[in-house]
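**Student:** Just so it is clear, I am handing over query-v6.cif, which has mmCIF, C-alpha atoms.
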data_my_file
#
loop_
_atom_site.label_atom_id
_atom_site.label_comp_id
_atom_site.auth_asym_id
_atom_site.auth_seq_id
_atom_site.Cartn_x
_atom_site.Cartn_y
_atom_site.Cartn_z
CA MET A 1 43.30 36.41 2.21
CA LYS A 2 44.93 33.55 4.16
CA LYS A 3 42.84 34.24 7.25
CA TYR A 4 39.70 33.38 5.27
CA LEU A 5 41.14 30.21 3.75
CA LEU A 6 40.72 27.88 6.76
CA PRO A 7 37.00 28.68 7.37
CA ILE A 8 36.29 28.21 3.67
CA LEU A 9 38.09 24.84 3.61
CA LEU A 10 36.24 23.69 6.75
CA PHE A 11 32.92 24.69 5.21
CA LEU A 12 33.68 22.81 1.98
CA LEU A 13 34.79 19.77 3.99
CA PHE A 14 31.54 19.85 5.98
CA GLN A 15 29.52 20.12 2.77
CA ALA A 16 31.39 17.16 1.28
CA CYS A 17 30.88 14.98 4.37
CA SER A 18 27.23 15.88 5.00
CA LYS A 19 24.75 13.35 3.71
CA PRO A 20 22.06 14.98 1.54
CA TYR A 21 18.51 15.01 2.86
CA GLN A 22 16.68 12.18 1.08
CA VAL A 23 13.11 11.80 2.40
CA GLU A 24 10.77 11.26 -0.53
CA ASN A 25 7.68 9.71 1.02
CA VAL A 26 6.09 10.49 4.40
CA GLU A 27 3.61 8.08 5.93
CA ARG A 28 1.17 10.07 8.08
CA ALA A 29 0.47 8.67 11.51
CA PHE A 30 -0.89 9.51 14.95
CA TYR A 31 -0.45 8.05 18.39
CA TYR A 32 -3.71 7.18 20.13
CA TRP A 33 -3.01 7.02 23.83
CA LYS A 34 -6.31 7.15 25.66
CA SER A 35 -6.71 5.19 28.88
CA ASP A 36 -10.41 4.50 29.07
CA ASN A 37 -13.19 3.00 26.99
CA TRP A 38 -13.24 4.82 23.71
CA SER A 39 -14.00 4.92 20.05
CA PHE A 40 -13.33 7.73 17.59
CA SER A 41 -15.25 10.93 18.10
CA GLU A 42 -16.62 12.75 15.07
CA LYS A 43 -13.80 15.33 15.31
CA GLU A 44 -11.11 12.66 15.62
CA GLN A 45 -12.50 10.84 12.61
CA LYS A 46 -12.42 14.12 10.67
CA VAL A 47 -8.76 14.61 11.54
CA ILE A 48 -7.95 11.09 10.32
CA ASP A 49 -9.80 11.69 7.06
CA THR A 50 -8.57 15.23 6.41
CA GLN A 51 -4.94 14.45 7.16
CA LYS A 52 -5.06 11.18 5.18
CA VAL A 53 -3.70 9.29 8.17
CA SER A 54 -2.73 5.75 7.23
CA LYS A 55 -1.39 4.43 10.55
CA LEU A 56 -2.20 4.65 14.26
CA TYR A 57 0.12 3.69 17.10
CA VAL A 58 -2.31 2.53 19.77
CA LYS A 59 -1.57 1.83 23.42
CA PHE A 60 -2.90 -1.66 24.10
CA PHE A 61 -1.79 -1.83 27.71
CA GLU A 62 0.86 -0.84 30.25
CA VAL A 63 3.20 -3.02 32.28
CA GLU A 64 3.97 -2.23 35.91
CA HIS A 65 6.10 -4.07 38.45
CA ASN A 66 4.60 -5.28 41.70
CA ASP A 67 6.78 -6.83 44.40
CA LEU A 68 4.12 -9.43 45.19
CA MET A 69 2.53 -10.09 41.80
CA GLY A 70 5.52 -9.50 39.53
CA ASN A 71 5.16 -7.84 36.13
CA ILE A 72 1.52 -7.20 35.35
CA PRO A 73 0.21 -6.09 31.93
CA VAL A 74 -2.65 -3.71 32.70
CA SER A 75 -5.19 -2.96 30.01
CA LYS A 76 -6.53 0.56 30.48
CA ASN A 77 -8.81 0.78 27.47
CA ASN A 78 -11.45 -1.12 25.58
CA LEU A 79 -10.54 -0.99 21.91
CA SER A 80 -13.45 -0.17 19.66
CA PHE A 81 -12.51 1.08 16.20
CA TYR A 82 -15.18 2.29 13.83
CA SER A 83 -13.94 4.03 10.72
CA ASN A 84 -15.20 4.45 7.18
CA LYS A 85 -11.63 3.96 5.93
CA LYS A 86 -9.16 1.24 6.69
CA PHE A 87 -5.84 2.13 8.29
CA SER A 88 -3.04 0.24 9.95
CA ILE A 89 -2.81 -0.29 13.69
CA VAL A 90 0.52 -0.74 15.48
CA PRO A 91 -0.08 -2.20 18.97
CA CYS A 92 2.04 -0.37 21.57
CA VAL A 93 2.99 -1.45 25.07
CA TYR A 94 4.19 1.09 27.62
CA ILE A 95 6.57 -0.56 30.10
CA ARG A 96 7.86 1.22 33.19
CA ASN A 97 11.62 1.19 33.60
CA GLU A 98 11.25 -0.42 37.05
CA VAL A 99 10.17 -3.63 35.33
CA PHE A 100 13.69 -4.09 33.95
CA LEU A 101 15.43 -2.86 37.08
CA GLU A 102 13.60 -5.34 39.30
CA SER A 103 13.19 -8.44 37.10
CA LYS A 104 15.21 -11.58 36.54
CA LYS A 105 15.69 -13.10 33.10
CA GLU A 106 13.10 -15.84 33.67
CA GLU A 107 10.53 -13.19 34.68
CA LEU A 108 11.22 -11.32 31.45
CA ASP A 109 10.78 -14.55 29.47
CA LEU A 110 7.30 -14.93 30.99
CA LEU A 111 6.50 -11.26 30.39
CA ALA A 112 7.43 -11.51 26.71
CA ASP A 113 5.18 -14.57 26.32
CA ASN A 114 2.28 -12.82 28.06
CA ILE A 115 2.62 -9.63 26.01
CA VAL A 116 2.62 -11.39 22.64
CA PHE A 117 -0.32 -13.59 23.72
CA LEU A 118 -2.37 -10.57 24.87
CA ILE A 119 -1.59 -8.51 21.78
CA ASN A 120 -2.69 -11.32 19.48
CA LYS A 121 -5.83 -11.82 21.57
CA LYS A 122 -6.76 -8.12 21.44
CA LYS A 123 -6.05 -7.92 17.73
CA LYS A 124 -8.36 -10.85 17.04
CA GLU A 125 -11.15 -9.49 19.25
CA ASN A 126 -11.05 -5.79 18.34
CA LEU A 127 -9.28 -5.11 15.07
CA GLU A 128 -11.40 -6.90 12.49
CA ARG A 129 -12.30 -3.66 10.73
CA VAL A 130 -8.80 -2.25 10.34
CA LYS A 131 -5.76 -3.37 8.38
CA ALA A 132 -3.47 -5.88 9.96
CA VAL A 133 0.10 -4.71 10.48
CA ASP A 134 3.09 -6.92 11.14
CA GLU A 135 4.61 -4.69 13.81
CA ILE A 136 4.40 -4.10 17.53
CA GLN A 137 6.10 -1.29 19.43
CA MET A 138 7.62 -1.29 22.91
CA ASP A 139 7.73 2.03 24.76
CA CYS A 140 10.19 2.32 27.64
CA ASP A 141 12.53 5.03 28.93
CA TRP A 142 15.38 2.64 29.58
CA THR A 143 18.51 3.67 31.47
CA ILE A 144 22.09 2.41 31.63
CA ASN A 145 21.18 0.24 34.62
CA SER A 146 18.17 -1.33 32.90
CA LYS A 147 19.66 -1.57 29.41
CA ASP A 148 20.84 -5.18 29.52
CA ASN A 149 17.53 -6.53 30.79
CA TYR A 150 15.52 -4.36 28.38
CA PHE A 151 17.56 -5.46 25.37
CA TYR A 152 17.26 -9.09 26.49
CA PHE A 153 13.48 -8.63 26.67
CA LEU A 154 13.34 -7.07 23.19
CA LYS A 155 15.21 -10.06 21.75
CA LYS A 156 12.70 -12.41 23.39
CA ILE A 157 9.76 -10.42 21.99
CA LYS A 158 11.29 -10.57 18.51
CA GLU A 159 11.90 -14.31 18.87
CA ILE A 160 8.31 -15.02 19.94
CA TYR A 161 6.44 -12.55 17.72
CA LYS A 162 8.45 -13.46 14.58
CA LYS A 163 7.48 -10.19 12.92
CA LYS A 164 8.67 -6.59 13.08
CA VAL A 165 9.39 -5.11 16.50
CA SER A 166 10.04 -1.41 16.96
CA CYS A 167 10.72 0.68 20.03
CA THR A 168 10.66 4.29 21.09
CA LEU A 169 13.99 6.09 21.23
CA ARG A 170 14.55 9.14 23.42
CA LEU A 171 17.05 11.80 22.43
CA TYR A 172 19.66 10.95 25.07
CA PRO A 173 20.22 7.34 23.89
CA TYR A 174 20.06 8.60 20.30
CA LYS A 175 22.90 11.04 20.96
CA TYR A 176 24.98 8.63 23.06
CA PRO A 177 24.65 5.16 21.46
CA ASP A 178 28.11 4.11 22.66
CA LYS A 179 26.94 4.57 26.24
CA MET A 180 23.27 3.59 25.93
CA GLY A 181 23.51 0.86 23.32
CA ILE A 182 21.50 0.12 20.19
CA PRO A 183 18.18 -1.63 20.91
CA PRO A 184 17.87 -4.99 19.09
CA VAL A 185 14.78 -4.11 17.05
CA ASP A 186 13.91 -3.55 13.40
CA LYS A 187 13.42 0.21 13.69
CA ALA A 188 13.00 3.00 16.22
CA MET A 189 10.68 5.96 16.72
CA LEU A 190 12.72 9.04 17.65
CA MET A 191 10.67 10.90 20.27
CA CYS A 192 11.41 14.59 19.73
CA TYR A 193 9.76 15.90 22.90
CA ASN A 194 9.73 15.66 26.72
CA LEU A 195 13.30 16.90 26.77
CA ILE A 196 13.25 18.53 30.20
CA ASN A 197 12.21 17.27 33.61
CA PRO A 198 9.21 19.52 34.40
CA LEU A 199 10.33 19.99 38.01
CA ASP A 200 14.01 20.61 37.26
CA ASN A 201 13.64 23.64 35.01
CA LYS A 202 10.50 25.65 35.64
CA ASP A 203 11.29 28.42 33.18
CA LYS A 204 11.30 26.32 30.00
CA ASN A 205 8.60 24.50 28.09
CA SER A 206 9.17 20.95 29.32
CA ILE A 207 7.37 19.35 26.37
CA LEU A 208 9.34 21.03 23.59
CA ASP A 209 12.05 23.65 23.86
CA VAL A 210 13.63 24.13 20.43
CA ASN A 211 16.97 25.29 21.89
CA GLU A 212 17.10 22.18 24.08
CA LEU A 213 16.26 20.03 21.05
CA GLY A 214 19.25 21.58 19.29
CA LEU A 215 21.57 20.44 22.08
CA TYR A 216 20.72 16.82 21.25
CA LEU A 217 20.47 17.28 17.48
CA ASN A 218 23.61 19.37 17.13
CA ARG A 219 25.20 17.59 14.16
CA GLN A 220 24.42 14.95 11.60
CA ARG A 221 24.39 11.44 13.00
CA GLU A 222 23.70 8.23 11.15
CA TYR A 223 21.92 5.95 13.61
CA PRO A 224 22.29 2.22 12.82
CA LEU A 225 18.51 1.65 12.76
CA HIS A 226 15.77 2.98 10.52
CA LEU A 227 14.31 6.03 12.27
CA ASP A 228 10.77 7.35 12.22
CA ILE A 229 9.83 10.64 13.90
CA ALA A 230 7.32 11.44 16.66
CA LEU A 231 6.30 15.04 17.36
CA PRO A 232 4.11 16.49 20.14
CA ILE A 233 0.85 18.31 19.54
CA TYR A 234 -0.37 18.13 23.14
CA SER A 235 -0.18 20.68 25.91
CA TRP A 236 -0.48 20.36 29.68
CA MET A 237 -0.86 22.34 32.87
CA GLN A 238 1.27 21.71 35.93
CA LEU A 239 -0.55 22.64 39.11
CA PHE A 240 1.38 23.99 42.11
CA GLN A 241 -0.35 24.49 45.44
CA ASN A 242 1.53 26.10 48.34
CA ASN A 243 4.51 26.15 45.95
CA GLU A 244 4.49 22.35 45.77
CA PHE A 245 3.78 20.41 42.57
CA THR A 246 0.38 18.69 42.82
CA LYS A 247 -0.51 17.13 39.47
CA VAL A 248 -0.63 17.46 35.69
CA ILE A 249 -3.87 18.47 33.98
CA TYR A 250 -3.99 17.76 30.25
CA ASN A 251 -7.10 19.58 29.07
CA ASP A 252 -9.47 22.41 29.91
CA PHE A 253 -7.09 25.41 29.86
CA ASP A 254 -9.75 27.34 27.92
CA LYS A 255 -12.24 26.76 30.73
CA ILE A 256 -10.07 28.30 33.44
CA GLU A 257 -8.23 30.96 31.41
CA PRO A 258 -10.73 33.68 32.48
CA PHE A 259 -9.77 32.92 36.11
CA LEU A 260 -6.01 33.14 35.58
CA LYS A 261 -3.67 36.10 35.55
CA PRO A 262 -0.25 35.91 33.87
CA ILE A 263 2.64 36.40 36.29
CA LYS A 264 5.61 35.54 34.03
CA PRO A 265 6.24 33.55 30.82
CA LEU A 266 4.42 30.17 31.01
CA TRP A 267 3.10 30.92 34.52
CA PHE A 268 -0.37 31.95 35.78
CA GLU A 269 -2.01 32.55 39.14
CA VAL A 270 -5.54 31.37 39.95
CA THR A 271 -7.82 34.32 40.82
CA LYS A 272 -10.98 32.43 41.83
CA ASP A 273 -11.79 29.19 43.62
CA ILE A 274 -12.97 26.74 40.94
CA THR A 275 -13.19 23.00 40.25
CA LEU A 276 -11.52 21.61 37.14
CA SER A 277 -11.30 17.94 36.14
CA ASN A 278 -12.26 16.94 39.70
CA VAL A 279 -9.44 19.12 41.05
CA TYR A 280 -10.21 22.01 43.40
CA LEU A 281 -8.23 25.11 42.46
CA ARG A 282 -7.86 27.83 45.06
CA ILE A 283 -7.05 31.50 44.81
CA GLY A 284 -3.29 31.89 44.74
CA ASP A 285 -2.53 28.47 43.22
CA LYS A 286 0.05 28.59 40.43
CA ILE A 287 -0.22 26.97 37.01
CA LYS A 288 2.59 26.43 34.52
CA TYR A 289 1.11 26.00 31.05
CA ASP A 290 3.33 24.23 28.52
CA LYS A 291 1.68 24.78 25.17
CA ILE A 292 2.82 23.52 21.77
CA THR A 293 2.40 25.86 18.80
CA ALA A 294 2.73 25.39 15.05
CA LYS A 295 5.66 27.82 15.02
CA GLN A 296 7.56 25.70 17.58
CA LEU A 297 6.98 22.55 15.58
CA ASP A 298 8.06 24.16 12.31
CA LYS A 299 11.37 25.15 13.95
CA ALA A 300 11.76 21.69 15.49
CA ILE A 301 11.21 20.02 12.10
CA SER A 302 13.87 22.28 10.56
CA THR A 303 16.35 21.16 13.25
CA ILE A 304 15.45 17.49 12.72
CA LYS A 305 15.83 17.70 8.94
CA LYS A 306 19.22 19.34 9.27
CA ASN A 307 20.72 16.82 11.68
CA VAL A 308 18.85 13.49 11.66
CA ILE A 309 19.72 11.24 8.73
CA LEU A 310 16.47 9.66 7.56
CA ASP A 311 15.66 7.10 4.89
CA LYS A 312 13.66 7.84 1.76
CA GLN A 313 10.53 6.42 3.40
CA VAL A 314 9.73 7.75 6.88
CA THR A 315 6.73 7.65 9.19
CA VAL A 316 5.89 10.88 11.02
CA ALA A 317 3.60 10.35 14.02
CA LEU A 318 1.90 13.13 15.99
CA PHE A 319 1.25 12.57 19.70
CA HIS A 320 -1.64 12.31 20.13
CA LEU A 321 -5.09 12.14 18.53
CA ASP A 322 -7.50 13.79 20.95
CA ASP A 323 -10.25 16.39 20.49
CA GLU A 324 -8.92 18.66 23.22
CA GLN A 325 -5.41 18.70 21.78
CA THR A 326 -5.97 18.85 18.01
CA LYS A 327 -8.39 21.80 18.32
CA TYR A 328 -5.45 24.19 18.76
CA PHE A 329 -4.20 23.50 15.23
CA SER A 330 -5.88 24.14 11.90
CA HIS A 331 -5.98 21.30 9.38
CA GLU A 332 -3.51 23.26 7.27
CA GLU A 333 -1.06 23.54 10.17
CA MET A 334 -1.26 19.85 10.96
CA ALA A 335 -0.68 19.00 7.31
CA THR A 336 2.57 20.98 7.32
CA PHE A 337 3.93 18.86 10.17
CA TYR A 338 4.00 16.03 7.63
CA THR A 339 4.73 17.86 4.35
CA LEU A 340 7.73 19.80 5.72
CA PHE A 341 9.61 16.48 5.84
CA ASN A 342 9.28 16.01 2.07
CA ASN A 343 12.02 17.26 -0.20
#
Do you think you could lay out the structure here as structure tokens?
**Tutor:**
Amino acid sequence: MKKYLLPILLFLLFQACSKPYQVENVERAFYYWKSDNWSFSEKEQKVIDTQKVSKLYVKFFEVEHNDLMGNIPVSKNNLSFYSNKKFSIVPCVYIRNEVFLESKKEELDLLADNIVFLINKKKKENLERVKAVDEIQMDCDWTINSKDNYFYFLKKIKEIYKKKVSCTLRLYPYKYPDKMGIPPVDKAMLMCYNLINPLDNKDKNSILDVNELGLYLNRQREYPLHLDIALPIYSWMQLFQNNEFTKVIYNDFDKIEPFLKPIKPLWFEVTKDITLSNVYLRIGDKIKYDKITAKQLDKAISTIKKNVILDKQVTVALFHLDDEQTKYFSHEEMATFYTLFNN
């Protein structure tokens, strides 16, 4: 009997120390990350309506570093929202990590000023028909070497904007806050995807591998910021020509599937010369297809619920709203990606 006593005591101790799952209300959201002139398509509008989406995280522009010109906010879309229902818009800014590796503090002061000015300008010009929201989100894959400058920049943004500032949070800094620091923002969006470098491990789904997710979310952790959750619903193809990676293609797998033959899990070989998305595919080219399924996401959500301590109110955002990506999921499947987070 004694040999069973220690495991039982450890189990009871774990149960006593574990914080009960407490999510009561889920705000439904999408990321909208297109990089051209756009407005909602009929199918995208239907998704918003059917899923009762109340918030969109929208990429307003990107920031790149140029040795001659400095840090340049680049707008890659022309916002044009037309919807029969009002929803909230959270302006998002994607900033390359090089910006913080290459910039001095005074350059970051100027960048923060420019970003807030441009966001307010775009909101005034393009968002008259949607709800105002007192939040902006910064998206950057910061590293240990860029952390100090990035956190300095976030403080400046908060100081200038005077409203809520959130940021994206990858799983590595989530798991290792002592090493990576806690970003000085009001809340963070935990990005539960893109866990694997596509070129480092060619045998795993680089967008979402549930086993890899479990390595980061391997026990309950109470992060010192409010956490929302982002999940992937997109898929992509990685093209290899002469065994060398060429580019990523996000859509059109259905169009070329008849001209592919499976060679091993995730991998296909092109059987006919064809043109796809202005890319010429030749016989013998290889394609790795990382596809996200409802079953994968259900398992991922189970792992998240078990190990990520969330508040009673949480926003769940799917990445991203696009005809070619949402068509692989039924409306019922997409609804479960939100409802599974409820008690």
**Student:** Excluding Arg28 of chain A and residues on its chain fewer than 6 positions from it, collect all residues at most 10 Å away from it, counting only C-alpha atoms, and give them as a PyMOL selection string.
**Tutor:** chain A and resi 48+51-56+314-318+335+337-339
**Student:** Would you mind reading off the distance between atom CA of Asn145 of chain A and atom CA of Asn97 of chain A, one decimal, in Å?
**Tutor:** 9.7 Å
**Student:** Quick one: of A:Pro184, A:Pro265, A:Gly284, A:Gly214, who's nearest to Lys306 of chain A, counting all atoms listed in the file?
**Tutor:**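 Checking each candidate against Lys306 of chain A, we get A:Gly214 as the closest.
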**Student:** At a cut-off of 12 Å, can you tabulate as a Markdown table every residue of segment 106-183 of chain A near segment 228-232 of chain A together with its closest atom pair and the distance in Å to one decimal, using only C-alpha atoms and ordering rows by chain then number?
**Tutor:**
| residue | atom | partner | partner_atom | distance |
| --- | --- | --- | --- | --- |
| A:Ser166 | CA | A:Asp228 | CA | 10.0 |
| A:Cys167 | CA | A:Asp228 | CA | 10.3 |
| A:Thr168 | CA | A:Ala230 | CA | 9.1 |
| A:Leu169 | CA | A:Ile229 | CA | 9.6 |
| A:Arg170 | CA | A:Ala230 | CA | 10.2 |
| A:Leu171 | CA | A:Ile229 | CA | 11.2 |
**Student:** Starting from the displayed file, determine the output of the PyMOL selection byres ((chain A and resi 291) around 9) and express the residue list as an MDAnalysis selection string.
**Tutor:** chainID A and resid 205 207:208 233:237 266 289:290 292:293
**Student:** Generate the coordinates of N, CA and C atoms for segment 233-268 of chain A; report them as an mmCIF file, keeping the file's coordinate frame.
**Tutor:**
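Writing done, so here's selection-v2.cif:
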data_model
loop_
_atom_site.group_PDB
_atom_site.id
_atom_site.type_symbol
_atom_site.label_atom_id
_atom_site.label_comp_id
_atom_site.auth_asym_id
_atom_site.auth_seq_id
_atom_site.Cartn_x
_atom_site.Cartn_y
_atom_site.Cartn_z
ATOM 1 N N ILE A 233 1.844 17.270 19.812
ATOM 2 C CA ILE A 233 0.850 18.310 19.540
ATOM 3 C C ILE A 233 -0.024 18.536 20.778
ATOM 4 N N TYR A 234 0.421 18.002 21.921
ATOM 5 C CA TYR A 234 -0.370 18.130 23.140
ATOM 6 C C TYR A 234 0.208 19.240 24.022
ATOM 7 N N SER A 235 -0.608 19.716 24.910
ATOM 8 C CA SER A 235 -0.180 20.680 25.910
ATOM 9 C C SER A 235 -0.631 20.180 27.280
ATOM 10 N N TRP A 236 -0.049 20.737 28.343
ATOM 11 C CA TRP A 236 -0.480 20.360 29.680
ATOM 12 C C TRP A 236 -0.291 21.496 30.656
ATOM 13 N N MET A 237 -1.003 21.387 31.771
ATOM 14 C CA MET A 237 -0.860 22.340 32.870
ATOM 15 C C MET A 237 -0.266 21.620 34.068
ATOM 16 N N GLN A 238 0.717 22.233 34.692
ATOM 17 C CA GLN A 238 1.270 21.710 35.930
ATOM 18 C C GLN A 238 0.750 22.570 37.086
ATOM 19 N N LEU A 239 0.072 21.924 38.004
ATOM 20 C CA LEU A 239 -0.550 22.640 39.110
ATOM 21 C C LEU A 239 0.369 22.641 40.335
ATOM 22 N N PHE A 240 0.590 23.831 40.892
ATOM 23 C CA PHE A 240 1.380 23.990 42.110
ATOM 24 C C PHE A 240 0.505 24.640 43.190
ATOM 25 N N GLN A 241 0.409 23.973 44.314
ATOM 26 C CA GLN A 241 -0.350 24.490 45.440
ATOM 27 C C GLN A 241 0.578 24.618 46.643
ATOM 28 N N ASN A 242 0.568 25.798 47.261
ATOM 29 C CA ASN A 242 1.530 26.100 48.340
ATOM 30 C C ASN A 242 2.965 25.879 47.863
ATOM 31 N N ASN A 243 3.184 26.257 46.583
ATOM 32 C CA ASN A 243 4.510 26.150 45.950
ATOM 33 C C ASN A 243 5.016 24.724 45.806
ATOM 34 N N GLU A 244 4.129 23.745 45.957
ATOM 35 C CA GLU A 244 4.490 22.350 45.770
ATOM 36 C C GLU A 244 3.725 21.779 44.577
ATOM 37 N N PHE A 245 4.430 21.026 43.716
ATOM 38 C CA PHE A 245 3.780 20.410 42.570
ATOM 39 C C PHE A 245 2.703 19.441 43.041
ATOM 40 N N THR A 246 1.503 19.543 42.441
ATOM 41 C CA THR A 246 0.380 18.690 42.820
ATOM 42 C C THR A 246 0.055 17.651 41.769
ATOM 43 N N LYS A 247 -0.165 18.080 40.524
ATOM 44 C CA LYS A 247 -0.510 17.130 39.470
ATOM 45 C C LYS A 247 -0.445 17.803 38.112
ATOM 46 N N VAL A 248 -0.552 16.977 37.067
ATOM 47 C CA VAL A 248 -0.630 17.460 35.690
ATOM 48 C C VAL A 248 -2.071 17.379 35.222
ATOM 49 N N ILE A 249 -2.526 18.432 34.573
ATOM 50 C CA ILE A 249 -3.870 18.470 33.980
ATOM 51 C C ILE A 249 -3.691 18.668 32.486
ATOM 52 N N TYR A 250 -4.271 17.753 31.687
ATOM 53 C CA TYR A 250 -3.990 17.760 30.250
ATOM 54 C C TYR A 250 -4.916 18.650 29.436
ATOM 55 N N ASN A 251 -6.132 18.833 29.874
ATOM 56 C CA ASN A 251 -7.100 19.580 29.070
ATOM 57 C C ASN A 251 -7.688 20.737 29.869
ATOM 58 N N ASP A 252 -8.604 21.433 29.237
ATOM 59 C CA ASP A 252 -9.470 22.410 29.910
ATOM 60 C C ASP A 252 -8.812 23.756 30.217
ATOM 61 N N PHE A 253 -7.679 24.095 29.601
ATOM 62 C CA PHE A 253 -7.090 25.410 29.860
ATOM 63 C C PHE A 253 -8.074 26.522 29.475
ATOM 64 N N ASP A 254 -8.794 26.325 28.372
ATOM 65 C CA ASP A 254 -9.750 27.340 27.920
ATOM 66 C C ASP A 254 -10.801 27.643 28.988
ATOM 67 N N LYS A 255 -11.177 26.589 29.739
ATOM 68 C CA LYS A 255 -12.240 26.760 30.730
ATOM 69 C C LYS A 255 -11.800 27.622 31.912
ATOM 70 N N ILE A 256 -10.513 27.551 32.248
ATOM 71 C CA ILE A 256 -10.070 28.300 33.440
ATOM 72 C C ILE A 256 -9.284 29.565 33.088
ATOM 73 N N GLU A 257 -9.021 29.775 31.789
ATOM 74 C CA GLU A 257 -8.230 30.960 31.410
ATOM 75 C C GLU A 257 -8.824 32.268 31.932
ATOM 76 N N PRO A 258 -10.172 32.428 31.937
ATOM 77 C CA PRO A 258 -10.730 33.680 32.480
ATOM 78 C C PRO A 258 -10.419 33.894 33.968
ATOM 79 N N PHE A 259 -10.032 32.818 34.675
ATOM 80 C CA PHE A 259 -9.770 32.920 36.110
ATOM 81 C C PHE A 259 -8.274 32.847 36.424
ATOM 82 N N LEU A 260 -7.459 33.148 35.409
ATOM 83 C CA LEU A 260 -6.010 33.140 35.580
ATOM 84 C C LEU A 260 -5.440 34.512 35.235
ATOM 85 N N LYS A 261 -4.398 34.891 35.935
ATOM 86 C CA LYS A 261 -3.670 36.100 35.550
ATOM 87 C C LYS A 261 -2.205 35.735 35.303
ATOM 88 N N PRO A 262 -1.655 36.213 34.169
ATOM 89 C CA PRO A 262 -0.250 35.910 33.870
ATOM 90 C C PRO A 262 0.667 36.557 34.903
ATOM 91 N N ILE A 263 1.684 35.831 35.342
ATOM 92 C CA ILE A 263 2.640 36.400 36.290
ATOM 93 C C ILE A 263 4.060 36.409 35.728
ATOM 94 N N LYS A 264 4.362 35.525 34.770
ATOM 95 C CA LYS A 264 5.610 35.540 34.030
ATOM 96 C C LYS A 264 5.464 34.530 32.898
ATOM 97 N N PRO A 265 6.393 34.473 31.932
ATOM 98 C CA PRO A 265 6.240 33.550 30.820
ATOM 99 C C PRO A 265 5.957 32.120 31.287
ATOM 100 N N LEU A 266 4.892 31.529 30.736
ATOM 101 C CA LEU A 266 4.420 30.170 31.010
ATOM 102 C C LEU A 266 3.634 30.045 32.306
ATOM 103 N N TRP A 267 3.663 31.047 33.176
ATOM 104 C CA TRP A 267 3.100 30.920 34.520
ATOM 105 C C TRP A 267 1.876 31.812 34.725
ATOM 106 N N PHE A 268 0.881 31.242 35.469
ATOM 107 C CA PHE A 268 -0.370 31.950 35.780
ATOM 108 C C PHE A 268 -0.710 31.738 37.249
#
